[in-house]
Amino acid sequence: MRSFRQLRVAVSIVAVAGSILCTPTSSLADEGGVSFWLPGFFGSLAAAPQVPGFSFANIVYYNQVSAGPDVAFARQVALGNITGNFNGNFNANLHASAEPLYMAIPGYTFATPVLGGQFSVFAAIPYGRIETSVDATATGSFGLGPGFTIGRSLTETVNGFGDILPMATLRWNSGVNNFMTYLTGNLTTGVYHSQSIANIGIGHNAIDGGFAYTYFDQKAGHEFSATLGFTYNFENEHTNYQNGIDMHLDWGASQFLTKQWQVGLVGYLYQQLSCDSGSGDRVGCFESRVVGIGPQVGYIIPISKEWQGYINVKGYKEFAAEHRPDGWNAWLTFAISPAAPGQPPPSATRMITK
């Protein structure tokens with residue numbers, strides 16, 4: 001019978017896999033309501049050690065979000081559709097969804113310690129479909145020009161690859177305490193058009209780093225994890241807009257009910273710390289915020305002496321949003337990773353299924 005220490009390895013690969021998922025630009029904040037970091041990247045067992053060797057995670061991400069006139073107006077400014085000083089009323093609603101977004105995430109964990117810790121590298125290769133729509137009515141004037149009233153509805157979709165996201169992690173373990181530091185960023189390789197309201201790439205580079213802590217009682221199966229990170233965004237050369245510095249806190253708490261079943265809660269807090277800037281910024285500071293919380297369930301799948309699988313489903317309901325779309329999102333993850341040494345092969349007994 002496997003110990004909780006062996007179970008921890010299968011789940012921790014999912015914590016890393018989810019952490020390098022790219023952000024579809026239909027769904028988040030900062031420039032036009034869009035940020036690099038997708039809240040919910042990290043969750044339970046984020047800092048737990050892994051078994052050395054190759055791993056492969058598959059993530060299907062789906063969301064439905066909406067926003068009011070502040071985000072809709074900012075999205076038009078970011079696209080260059082509004083370039084003057086607007087005076088008047090702007091009533092609008094923005095709706096967006098990832099339908100769905102798929103990530104292939106290969107990774108490798110080295111056996112040789114680095115600075116006394118365990119070193120791993122990963123890369124996310126996203127592909128999917130994004131749909132965004134805006135219904136807007138504007139009444140007012142630009143500068144000293146004549147007044148006007150404009151009503152418009154616009155829906156756009158895009159299919160293709162998103163920005164590639166590399167990540168490196170370094171982990172340390174001391175009994176029930178686990179620590180991790182990570183570094184990731186955004187490479188502008190995805191589909192992006194500065195005049196489109198729906199994109200899979202975000203149009204600018206970014207660098208993100210942070211720290212994680214996991215408490216895990218192997219005997220009782222109690223677990224709690226928290227990951228704190230910060231994002232520095234480089235200027236979008238297409239729009240001359242630069243997002244401010246972002247802070248994000250992802251957390252997860254879970255209980256192993258058996259050697260294979262895990263249940264718990266997940267949540268996040270996202271807060272922009274500094275104002276947006278650049279010659280293309282016509283919406284001011286535009287600092288964004290959102291909070292999310294929801295359930296999770298996981299199941300460890302014994303495959304062979306060498307490999308094990310893990311499937312996880314989690315979802316978030318967002319609230320307290322400011323200057324960004326909010327709604328709900330769901331994650332389905334299936335990961336394959338090396339099995340812990342000494343793990344017995346899967347049982348030959350037929351499993352009861354529904």
# chains A, B, ... in the order shown; residues from 1 in each chain; ligands from 1
>>> residues_around(residues="Val297 in chain A", least_positions_apart="4", cutoff="9 Å", atoms="only C-alpha atoms", output="PDB file with N, CA and C atoms, in the first residue's frame")
ATOM      1  N   SER A 254      -6.359  20.595   1.127  1.00  0.00           N
ATOM      2  CA  SER A 254      -6.974  19.332   0.747  1.00  0.00           C
ATOM      3  C   SER A 254      -6.778  18.268   1.812  1.00  0.00           C
ATOM      4  N   TRP A 261      -7.883   9.074  -3.362  1.00  0.00           N
ATOM      5  CA  TRP A 261      -8.833  10.181  -3.476  1.00  0.00           C
ATOM      6  C   TRP A 261      -8.417  11.382  -2.625  1.00  0.00           C
ATOM      7  N   GLN A 262      -8.536  12.559  -3.226  1.00  0.00           N
ATOM      8  CA  GLN A 262      -8.199  13.820  -2.567  1.00  0.00           C
ATOM      9  C   GLN A 262      -9.335  14.810  -2.813  1.00  0.00           C
ATOM     10  N   VAL A 263      -9.772  15.525  -1.767  1.00  0.00           N
ATOM     11  CA  VAL A 263     -10.794  16.556  -1.916  1.00  0.00           C
ATOM     12  C   VAL A 263     -10.342  17.809  -1.171  1.00  0.00           C
ATOM     13  N   GLY A 264     -10.871  18.969  -1.557  1.00  0.00           N
ATOM     14  CA  GLY A 264     -10.480  20.186  -0.855  1.00  0.00           C
ATOM     15  C   GLY A 264     -11.003  21.441  -1.505  1.00  0.00           C
ATOM     16  N   LEU A 265     -10.387  22.557  -1.143  1.00  0.00           N
ATOM     17  CA  LEU A 265     -10.735  23.877  -1.655  1.00  0.00           C
ATOM     18  C   LEU A 265      -9.517  24.520  -2.293  1.00  0.00           C
ATOM     19  N   ILE A 311      -5.509  12.700 -12.121  1.00  0.00           N
ATOM     20  CA  ILE A 311      -6.542  13.525 -12.733  1.00  0.00           C
ATOM     21  C   ILE A 311      -7.128  14.436 -11.675  1.00  0.00           C
ATOM     22  N   ASN A 312      -7.310  15.702 -12.038  1.00  0.00           N
ATOM     23  CA  ASN A 312      -7.790  16.698 -11.083  1.00  0.00           C
ATOM     24  C   ASN A 312      -8.827  17.588 -11.755  1.00  0.00           C
ATOM     25  N   VAL A 313      -9.898  17.871 -11.036  1.00  0.00           N
ATOM     26  CA  VAL A 313     -10.918  18.812 -11.500  1.00  0.00           C
ATOM     27  C   VAL A 313     -11.081  19.884 -10.430  1.00  0.00           C
ATOM     28  N   LYS A 314     -10.992  21.139 -10.833  1.00  0.00           N
ATOM     29  CA  LYS A 314     -11.195  22.240  -9.892  1.00  0.00           C
ATOM     30  C   LYS A 314     -11.915  23.378 -10.592  1.00  0.00           C
TER      31      LYS A 314
END
>>> residues_around(residues="Pro106 in chain A", least_positions_apart="5", cutoff="10 Å", atoms="only C-alpha atoms", output="NGL selection string")
:A and (17 or 54-58 or 121-125 or 335-336)
>>> atom_distance(atom1="CA of Tyr192 in chain A", atom2="CA of Pro126 in chain A")
13.5 Å
>>> closest_residue(among="A:Asn236, A:Gln50, A:Thr132, A:Ser44", to="Ala339 in chain A", atoms="only C-alpha atoms")
A:Gln50
>>> select_by_dssp(residues="range 225-270 of chain A", states="strand (DSSP E or B)", output="MDAnalysis selection string")
chainID A and resid 225:233 236 241:242 246:256 261:270
>>> write_last_selection(atoms="C-alpha atoms", output="short mmCIF file (atom, residue, chain, number, x, y, z; two decimals), in the first residue's frame")
data_model
loop_
_atom_site.label_atom_id
_atom_site.label_comp_id
_atom_site.auth_asym_id
_atom_site.auth_seq_id
_atom_site.Cartn_x
_atom_site.Cartn_y
_atom_site.Cartn_z
CA SER A 225 -0.23 25.27 0.13
CA ALA A 226 0.24 28.95 -0.70
CA THR A 227 2.15 30.53 -3.60
CA LEU A 228 3.00 34.24 -3.73
CA GLY A 229 4.34 35.74 -6.96
CA PHE A 230 4.93 39.02 -8.77
CA THR A 231 4.81 39.91 -12.48
CA TYR A 232 6.82 42.58 -14.30
CA ASN A 233 5.32 43.43 -17.69
CA ASN A 236 3.55 46.26 -25.65
CA TYR A 241 0.98 50.35 -23.37
CA GLN A 242 2.74 48.93 -20.30
CA ASP A 246 1.01 42.49 -10.47
CA MET A 247 0.83 40.44 -7.26
CA HIS A 248 -0.93 37.06 -7.05
CA LEU A 249 -1.56 34.66 -4.20
CA ASP A 250 -2.81 31.16 -5.04
CA TRP A 251 -3.70 28.65 -2.33
CA GLY A 252 -5.10 25.16 -1.89
CA ALA A 253 -6.17 23.02 1.05
CA SER A 254 -6.97 19.33 0.75
CA GLN A 255 -7.49 16.04 2.55
CA PHE A 256 -6.56 12.59 1.26
CA TRP A 261 -8.83 10.18 -3.48
CA GLN A 262 -8.20 13.82 -2.57
CA VAL A 263 -10.79 16.56 -1.92
CA GLY A 264 -10.48 20.19 -0.86
CA LEU A 265 -10.74 23.88 -1.66
CA VAL A 266 -8.72 26.21 -3.87
CA GLY A 267 -8.60 29.99 -4.11
CA TYR A 268 -6.70 33.04 -5.26
CA LEU A 269 -6.21 36.76 -4.78
CA TYR A 270 -4.96 38.87 -7.68
#
>>> residues_around(residues="Tyr102 in chain A", least_positions_apart="5", cutoff="8 Å", atoms="only C-alpha atoms", output="list in words")
Asn58, Ile59, Val60, Tyr61, Pro126, Tyr127 and Gly128 of chain A
>>> residues_around(residues="range 185-188 of chain A", least_positions_apart="4", cutoff="6 Å", atoms="only C-alpha atoms", output="MDAnalysis selection string")
chainID A and resid 163:165 205:208
>>> write_last_selection(atoms="C-alpha atoms", output="PDB file, in the first residue's frame")
ATOM      1  CA  ASP A 163       2.414  32.265 -26.190  1.00  0.00           C
ATOM      2  CA  ILE A 164       4.982  29.675 -25.065  1.00  0.00           C
ATOM      3  CA  LEU A 165       5.683  29.828 -21.341  1.00  0.00           C
ATOM      4  CA  ASN A 205       6.877  39.897 -22.867  1.00  0.00           C
ATOM      5  CA  ALA A 206       6.683  39.422 -19.107  1.00  0.00           C
ATOM      6  CA  ILE A 207       8.716  37.906 -16.301  1.00  0.00           C
ATOM      7  CA  ASP A 208       7.222  36.394 -13.160  1.00  0.00           C
TER       8      ASP A 208
END
>>> closest_residue(among="A:Ala320, A:Ala212, A:Leu257, A:Ala168", to="Ile300 in chain A", atoms="only C-alpha atoms")
A:Leu257
>>> atom_distance(atom1="CA of Gly175 in chain A", atom2="CA of Asp217 in chain A")
8.5 Å
>>> closest_residue(among="A:Ile245, A:Glu322, A:Trp328, A:Thr333", to="Trp37 in chain A", atoms="only C-alpha atoms")
A:Ile245
>>> atom_distance(atom1="CA of Gln64 in chain A", atom2="CA of Asp326 in chain A")
8.0 Å
